[in-house]
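Novice: If you scroll down you'll find the structure; I have some questions about it.
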Amino acid sequence: MTLTFSRFQKAAEQRQQALNHSLGGWSLLEWSGAMCGEAGEVANVCKKITRTRQGIGGAWAERDRDEKSLLEDLSYEIGDVIAYLSLLASAAGLDLGSCAAVKFDIISEHAGWSGERLSP
């Protein structure tokens, strides 16, 4: 089965409710803060990947995992960002896919890109 924003958003909402943490249990600011915390973790892993690729960092770099492991970590952290972003959209009563499609189309138009538009 293909993963869609809609399917992901619905599953994230259902899991959140099953864990007894309703969407209304946090404010939009708290959902946003959780998402930003995960985005910070994405940035931290990217820093480590850069350090590994450039062979810099001295004692700090010695503690880093190998690049393959760091890329796996990055994929997990990106997943966390998307999960919290999805829950933020749900808490605000927004459809994540529509948010992404509309903004994509706006930027495409401003950039003069003639490729596919995603909004219905």
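Ordering of the structure tokens sets the chain letters (A, B, ...), residue numbers begin anew at 1 in every chain, and ligands are numbered from 1 in the order given.
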Per residue of region 92-113 of chain A within 9 Å of region 8-20 of chain A, what are the shortest atom pair and its distance in Å to one decimal, counting only C-alpha atoms, with rows by chain and residue number, as JSON lines?

Specialist:
```
{"residue": "A:Asp95", "atom": "CA", "partner": "A:Gln9", "partner_atom": "CA", "distance": 8.0}
{"residue": "A:Leu96", "atom": "CA", "partner": "A:Gln9", "partner_atom": "CA", "distance": 7.1}
{"residue": "A:Gly97", "atom": "CA", "partner": "A:Gln9", "partner_atom": "CA", "distance": 8.9}
```

Novice: Within 8 Å of region 29-34 of chain A, counting only C-alpha atoms, which residues show up once you throw out same-chain ones fewer than 2 positions away? Write them as a PyMOL selection string, please.

Specialist: chain A and resi 26-27+36-38+84-85+87-88

Novice: Give me the residues within 10 Å of region 40-56 of chain A as JSON, numbers by chain, counting only C-alpha atoms and dropping any in the same chain fewer than 3 places off.

Specialist: {"A": [34, 35, 36, 37, 59, 60, 61, 62, 63, 64, 65, 66, 67, 68, 69, 70, 71, 72, 73, 74, 75, 76, 77, 78, 79, 80, 81]}

Novice: Going by DSSP on the backbone, which residues of chain A come out as alpha helix (DSSP H)? List them as a PyMOL selection string.

Specialist: chain A and resi 5-18+28-54+58-62+67-91+96-111

Novice: Rounded to one decimal, what separation in Å do you get between CA of Ala111 (chain A) and CA of Ser86 (chain A)?

Specialist: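 One can read the CA of Ala111 (chain A) to CA of Ser86 (chain A) distance as 26.5 Å.
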
Novice: Find the distance between CA of Arg7 (chain A) and CA of Ile107 (chain A) and write it in Å to one decimal.

Specialist: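 Separation between CA of Arg7 (chain A) and CA of Ile107 (chain A): 24.9 Å.
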
Novice: What is the CA of Glu109 (chain A)-CA of Ile82 (chain A) distance in Å, reported with one decimal?

Specialist: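 That distance, rounded to one decimal, is 24.9 Å.
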
Novice: Name the residues in contact with Pro120 (chain A) at a cut-off of 12 Å, using only C-alpha atoms, excluding same-chain residues fewer than 5 positions from it; report them as a ChimeraX atom specification.

Specialist: /A:97-102,105

Novice: Based on the selection just made, write C-alpha atoms of those residues as a CSV table (one decimal), in the first residue's frame.

Specialist:
```csv
chain,number,residue,atom,x,y,z
A,97,GLY,CA,-1.2,17.1,2.0
A,98,SER,CA,-3.2,20.2,1.1
A,99,CYS,CA,-0.7,22.4,3.1
A,100,ALA,CA,2.2,20.9,1.2
A,101,ALA,CA,0.5,21.0,-2.2
A,102,VAL,CA,-0.7,24.5,-2.0
A,105,ASP,CA,2.3,25.4,-6.2
```
